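Notes for the one structure printed next.
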Amino acid sequence: MTRLSSAQRHLVRFTLNGKPVQGEAEPRLLLTDFLRQTIGATGTHVGCEHGVCGACTITVDGELARACLTLAVQIDGCELRTVEGLAPAPDRLGVLQAAFRRNHALQCGFCTAGILMSLDHYLRAHPKPSEAEIRDLLSGHLCRCTGYTPIVQAALEAAAELAELSRSDHRDV
Amino acid sequence: MGVEGIGASVVRKEDRRFITGRGRYVDDIKVMGMTHAYFVRSPHAHAKITSIDVEAAKAMPGVVDVLTGQQIVDDKVGNLICGWAVHSKDGSAMKMGAWPAMAPETVRFVGQAVAVVIAETRNLARDAAEAVEVHYEELPSAHHIAMAIAPGAPQLHPEAPGNIVYDWSIGEEKAVDEAFAKAANVVTFELVNNRLVPNAMEPRAALAEYNEAEEHFTLHTTSQNPHVARLVLSAFYNIAPEHKLRVVAPDVGGGFGSKIFIYPEEMVALWASKKVRRPVKWTGDRNEAFLTDAHGRDHISKAEMAFDADNKILGLRVKTHANFGAYMSLFSSSVPTYLYATLLSGQYNIPAIYAEVIGVYTNTTPVDAYRGAGRPEACYLLERLMETAARQLKVDPAELRRKNFITSFPHQTPVIMAYDIGDFGASLDAALKAIDYAGFPARREKAKSEGKLRGLGFSCYIEACGIAPSKAVGSLGAGVGLWESAEVRVNPVGTIEVLTGSHSHGQGHETTFAQLVAGRLGIPISQVSIVHGDTDKVQFGMGTYGSRSAAVGMSAIFKAMEKVEKKAKKIAAHQLEASEDDIVIENGEFKVTGTDKSIALPMVALAAYTAHNLPDGMEPGLKEGAFYDPTNFTFPAGSYICEIEVDKGTGKSTIIKFVAVDDFGRLINPMIVDGQVHGGLAQGIGQAILEQAIYDDTGQLVTASFMDYAMPRADDVPSFEISHTTTLCPGNPLGVKGCGEAGAIGASAAVINAITDAIGNNKLDMPATPDRVWHAMQAPLQQAAE
């Protein structure tokens, strides 16, 4: 394992939503603070800093991670995806994002980024989730506004729509 | 009203920025030269500060300054205020101790700030905070109501002997005594309303900037009411006069009441920004949120209800002790009095009510309004009492309620409130149908055969919302008027900006308020922008709480719109050479009825601003403002029924079905209304089965993280079945009542009534954790076995 000097700042180079980014971080700096304050990507939120609320959930090399439980220096050379990278184009929403909007699956919007990241990751691997499975996945997140039901509905709707899309893609092929 | 007008479930305008990560919350804002604040907080529940040594901390890397409580007192920054004067029944004023923003001498709860480190980064500030040496002399402390009122209890404030802030009453004691004297049956009940932590997902934050040349402060903060914050910071805390202080509440990540209040941290950030001549940002962490955000509820009550031989209620007697924590927070005094005891009549015709409320200081975090604020406590008490009565009198709980429902309106209760309208029977009927009440006995039997205990619980709530008529609250001791303001600006190109004193922190005002305006003019909501949350833009406003934004805030917009339309019609009539009375507004056009003559809104707006051809004597421009002060509260009400199954082996409760039927008057955006109900229900269910702030014997808050405080999660709550009955509120032009708190008010009683029904033991307090439920079910199970 690489040892880093705690007194120094270290250059961290990584890919953020497909674009190369770099910044300096002291070893103890949390990835949340690094993303939000050093890089300026404030879409990832900090709700508890102890890994429970899930607001800071992102993907690192395709795996879900709590950015508040990750050190910035750990992601050197990694590919990160955050809520800012979810939309397919600046003027278009992704299927899951659109389903969130249609179903009123967010109110204050603070926990939303993390929940979107978890669901986006989950639906890729689980195209036909049940309500219980979605609720189980969502139990890794806290939302104080919605009561969760609209989020569950949005997730199920998005899953159905994604399944439909992949079927039509298949036909196209 | 058009496809985007009132009544349409329009998707929210604000969503796009939130789901793409482009919201702008306080902690997202970064300014040049910004420093970071980190507070040194008391580890003791009650102690004298014998010394503070900041020198070592000041010498740490990156430290700009370390400031203490004594300095903030020396600089004559005002103590925190309580803005609602409540008098004891003997007429004396409430007895309050001083609350300085940082403690100079005595700390009275764990987490109270004693000093602040200002440094180049948050981590450096945190490092230095560790190096601030504070010596304390520990004092005996009292963390529960019973401890604080016991003889010889530790005294928190010299001003409040026996730790009693007030001993208040409402209603007529004599009339209630007479009612009980002639009662055929009396039902008595004691209960605890558990202390909760609001836990908005965004922790509180403040960014204070001081412009030396202009002697002007800017504060970005997580507030539900930035204008009230500015008023209080100016008028009472001597930070700066109002015209030299701008308060901005940008996107705010939930409030639930906890962001109404002006807290020490915002005050200190402002004060410190002038002292260090640099911008100061403070962002609380979750632990600080648990320790310093005003908590909610925390009552101990005894209630008695008298019935006649026909099971009609004759009277209600209530005695409640309310825990205020260590200091009186901004609106704390009103919560267990005017927001609680005035709702003790519920949906019922109760000829005589007498309630006493004793407010108590304890060595805990201050307690103030949390979603529902007093009304959930009233509903919980009353609805558990009704269910207890039904069981004791051996009558159907739905029928006992129906027999006692208020059926004619207006109805004056014995506790101030005058209900304007409602149809309580209609919502109960709808709820009974939705839950299939007739089929319940069969479901219960089936569950029994599977080894489960099934129960059904009711809760018929009423709340007073749309707070509030300024004259009425003024007469009850409020320090502010609770009207709302609005300004409608029609731009020369016909787009519209609406400035409102309401604040949205999740409620969707940018959409619903635009629906009102767009619907009236027949234009798309994309043509309307809602401006809120900035004291430099909006002249004044009272903010968002108490389910008031639709009833009061939108009514102000309605009034301003009427003025705009009146002037616009005059201009249109002049342009079209028609009579003003013949002009109608349709699809964004001003039309002369019965003709094909019309002029589009942008042309009317342009005419108003070019002023080339206006009626003689008319001022140019198209902009109108209005203040709306309601004449009464609004009274949302509804019926909730919860069906629950309890596992005999573990005591775990599972909600099988939850139906909520609400009467909110006219719905502006049904999708958003349902969202408010869903969220409120989850909080009510959280209170019922999961949440509780627990202090240990030394006054430490042991539930001060999400690892220890059980927040409702997606697998804890079911999908709710929500529907509506409607009686239009006669008190405001829109007929709306408000929907923000209903779920949190009504849900907890329904859940506990269902659990106690299932287990056959009525002695159960919230949160009904599996452990508590398991213990409560042992006696009835044994009885059944014998």
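Each chain in the structure tokens gets a letter, A, B and so on, in the order shown; residues start at 1 in every chain, and ligands are counted from 1 in the order they appear.
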At most 12 Å is the cut-off: for each residue in segment 327-382 of chain B with any atom that close to an atom of segment 131-141 of chain B, write down the nearest atom pair and the distance in Å rounded to one decimal, counting only C-alpha atoms, chain first then increasing number, as a tab-separated table.
```
residue	atom	partner	partner_atom	distance
B:Tyr361	CA	B:Ser141	CA	10.8
B:Thr362	CA	B:Ser141	CA	7.8
B:Asn363	CA	B:Ser141	CA	6.1
B:Thr364	CA	B:Ser141	CA	9.4
```
Inset, instruction - Enumerate as a list in words all residues of segment 15-158 of chain A assigned to strand (DSSP E or B) by DSSP on the backbone, naming them with the chain letters and numbers the document uses. - result: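 The residues of segment 15-158 of chain A classed as strand (DSSP E or B) are Thr15, Leu16, Lys19, Pro20, Val21, Gln22, Gly23, Glu24, Ala25, Leu30, Thr57, Ile58, Thr59, Val60, Glu63, Leu64, Ala65, Arg66, Leu71, Glu79, Leu80, Arg81, Ala89 and Arg92 of chain A.
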Inset, instruction - Find the residues in chain B near chain A: any atom within 8 Å counts, using only C-alpha atoms. Write them as an MDAnalysis selection string. - result: chainID B and resid 11:12 15:16 18:23 28 199:203 251:254 285:287 505:508 671:672 675:676 678:683 705:707 711:715 717:720
Inset, instruction - Write down as an MDAnalysis selection string the residues of segment 569-732 of chain B whose backbone DSSP state falls under alpha helix (DSSP H). - result: chainID B and resid 569:576 601:610 670:689
Next, dump the selected residues to file, keeping only C-alpha atoms, as an mmCIF file, in the first residue's frame.
```
data_model
loop_
_atom_site.group_PDB
_atom_site.id
_atom_site.type_symbol
_atom_site.label_atom_id
_atom_site.label_comp_id
_atom_site.auth_asym_id
_atom_site.auth_seq_id
_atom_site.Cartn_x
_atom_site.Cartn_y
_atom_site.Cartn_z
ATOM 1 C CA LYS B 569 -57.922 45.658 -18.163
ATOM 2 C CA LYS B 570 -58.038 49.454 -18.042
ATOM 3 C CA ILE B 571 -55.077 49.630 -20.410
ATOM 4 C CA ALA B 572 -56.565 47.004 -22.717
ATOM 5 C CA ALA B 573 -59.929 48.767 -22.770
ATOM 6 C CA HIS B 574 -58.193 52.018 -23.628
ATOM 7 C CA GLN B 575 -56.198 50.386 -26.413
ATOM 8 C CA LEU B 576 -59.241 48.568 -27.796
ATOM 9 C CA LEU B 601 -50.803 40.383 -22.561
ATOM 10 C CA PRO B 602 -47.323 41.344 -23.849
ATOM 11 C CA MET B 603 -48.849 44.222 -25.812
ATOM 12 C CA VAL B 604 -50.731 45.412 -22.741
ATOM 13 C CA ALA B 605 -47.533 45.152 -20.701
ATOM 14 C CA LEU B 606 -45.540 47.011 -23.344
ATOM 15 C CA ALA B 607 -48.170 49.732 -23.460
ATOM 16 C CA ALA B 608 -47.919 50.054 -19.682
ATOM 17 C CA TYR B 609 -44.167 50.611 -19.884
ATOM 18 C CA THR B 610 -43.903 52.727 -23.051
ATOM 19 C CA PRO B 670 -52.729 17.421 -6.187
ATOM 20 C CA MET B 671 -49.388 15.744 -6.905
ATOM 21 C CA ILE B 672 -47.558 18.106 -4.579
ATOM 22 C CA VAL B 673 -50.316 17.845 -1.959
ATOM 23 C CA ASP B 674 -50.025 14.062 -1.957
ATOM 24 C CA GLY B 675 -46.264 14.425 -1.619
ATOM 25 C CA GLN B 676 -46.737 16.537 1.484
ATOM 26 C CA VAL B 677 -49.065 13.911 2.945
ATOM 27 C CA HIS B 678 -46.676 11.042 2.161
ATOM 28 C CA GLY B 679 -43.801 12.823 3.848
ATOM 29 C CA GLY B 680 -45.865 13.869 6.846
ATOM 30 C CA LEU B 681 -47.165 10.336 7.345
ATOM 31 C CA ALA B 682 -43.616 8.967 7.317
ATOM 32 C CA GLN B 683 -42.665 11.427 10.043
ATOM 33 C CA GLY B 684 -45.759 10.554 12.077
ATOM 34 C CA ILE B 685 -45.046 6.845 11.698
ATOM 35 C CA GLY B 686 -41.408 7.542 12.571
ATOM 36 C CA GLN B 687 -42.511 9.142 15.813
ATOM 37 C CA ALA B 688 -44.860 6.243 16.523
ATOM 38 C CA ILE B 689 -42.503 3.328 16.050
#
```
Inset, instruction - Can you work out which one of B:Thr511, B:Ser529, B:Ser549, B:Ser723 has the shortest atom-to-atom distance to Phe658 of chain B, counting only C-alpha atoms? - result: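 Smallest separation from Phe658 of chain B among the options: B:Ser723.
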Report as an mmCIF file with N, CA and C atoms, in the first residue's frame all protein, DNA and RNA residues lying within 8 Å of Asn349 of chain B, evaluated on only C-alpha atoms, omitting residues in the same chain fewer than 3 positions from it.
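The new file result_24.cif reads:
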```
data_model
loop_
_atom_site.group_PDB
_atom_site.id
_atom_site.type_symbol
_atom_site.label_atom_id
_atom_site.label_comp_id
_atom_site.auth_asym_id
_atom_site.auth_seq_id
_atom_site.Cartn_x
_atom_site.Cartn_y
_atom_site.Cartn_z
ATOM 1 N N ILE B 313 -69.594 13.235 24.752
ATOM 2 C CA ILE B 313 -68.554 13.844 25.586
ATOM 3 C C ILE B 313 -69.128 15.037 26.327
ATOM 4 N N SER B 345 -60.014 20.283 21.275
ATOM 5 C CA SER B 345 -61.399 19.894 21.001
ATOM 6 C C SER B 345 -61.467 18.909 19.830
ATOM 7 N N ASN B 404 -69.829 11.927 18.292
ATOM 8 C CA ASN B 404 -69.374 13.173 18.920
ATOM 9 C C ASN B 404 -68.845 14.217 17.938
ATOM 10 N N PHE B 405 -68.875 13.880 16.643
ATOM 11 C CA PHE B 405 -68.376 14.832 15.642
ATOM 12 C C PHE B 405 -69.149 16.152 15.693
ATOM 13 N N ILE B 406 -68.425 17.221 15.440
ATOM 14 C CA ILE B 406 -69.066 18.514 15.202
ATOM 15 C C ILE B 406 -69.682 18.442 13.810
ATOM 16 N N THR B 413 -65.220 26.404 19.657
ATOM 17 C CA THR B 413 -64.787 25.454 20.689
ATOM 18 C C THR B 413 -64.579 26.220 21.998
#
```
Inset, instruction - Quick one: everything within 8 Å of segment 109-122 of chain B, counting only C-alpha atoms, minus sequence neighbours fewer than 5 positions away in the same chain. Send it as a PyMOL selection string. - result: chain B and resi 34-46+62-69+101-104+128-129+280+288+291-292+326+363-365+699-701
Inset, instruction - Give me, please, the distance in Å between atom CA of Cys78 of chain A and atom CA of Glu24 of chain A, quoted to one decimal. - result: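 Atom CA of Glu24 of chain A lies 15.0 Å from atom CA of Cys78 of chain A.
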Inset, instruction - Give me, please, the distance in Å between atom CA of Gln527 of chain B and atom CA of Arg246 of chain B, quoted to one decimal. - result: 27.7 Å
Inset, instruction - Show which residues sit within 10 Å of Pro441 of chain B, as a list of chain:residue names. Count only C-alpha atoms, and ignore same-chain residues fewer than 4 positions away. - result: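 Using only C-alpha atoms, the neighbours found are B:Tyr437, B:Glu445, B:Lys446, B:Ala447, B:Arg454, B:Gly455, B:Leu456.
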Inset, instruction - Mind checking which residues fall within 7 Å of segment 3-18 of chain A, counting only C-alpha atoms, ignoring those fewer than 4 positions away in the same chain, and posting them as a ChimeraX atom specification? - result: /A:22-27,73,75-82,85
Legend entry - Near-segment 780-785 of chain B list (7 Å; only C-alpha atoms; drop same-chain fewer than 3 positions) as a PyMOL selection string: chain B and resi 760-761+777
Serialized selection, C-alpha atoms, as a tab-separated table (two decimals), in the first residue's frame:
```
chain	number	residue	atom	x	y	z
B	760	GLY	CA	-54.78	-5.97	23.77
B	761	ASN	CA	-52.84	-3.67	26.07
B	777	MET	CA	-48.08	-7.89	24.95
```
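The smallest atom-to-atom distance between Ala306 of chain B and any of B:His411, B:Lys48, B:Arg278, B:Lys182, using only C-alpha atoms, is found for B:Lys182.
Counting only C-alpha atoms and comparing B:Val3, B:Ala611, B:Asn323, B:Gly522, the residue that lies closest to Val584 of chain B is B:Gly522.
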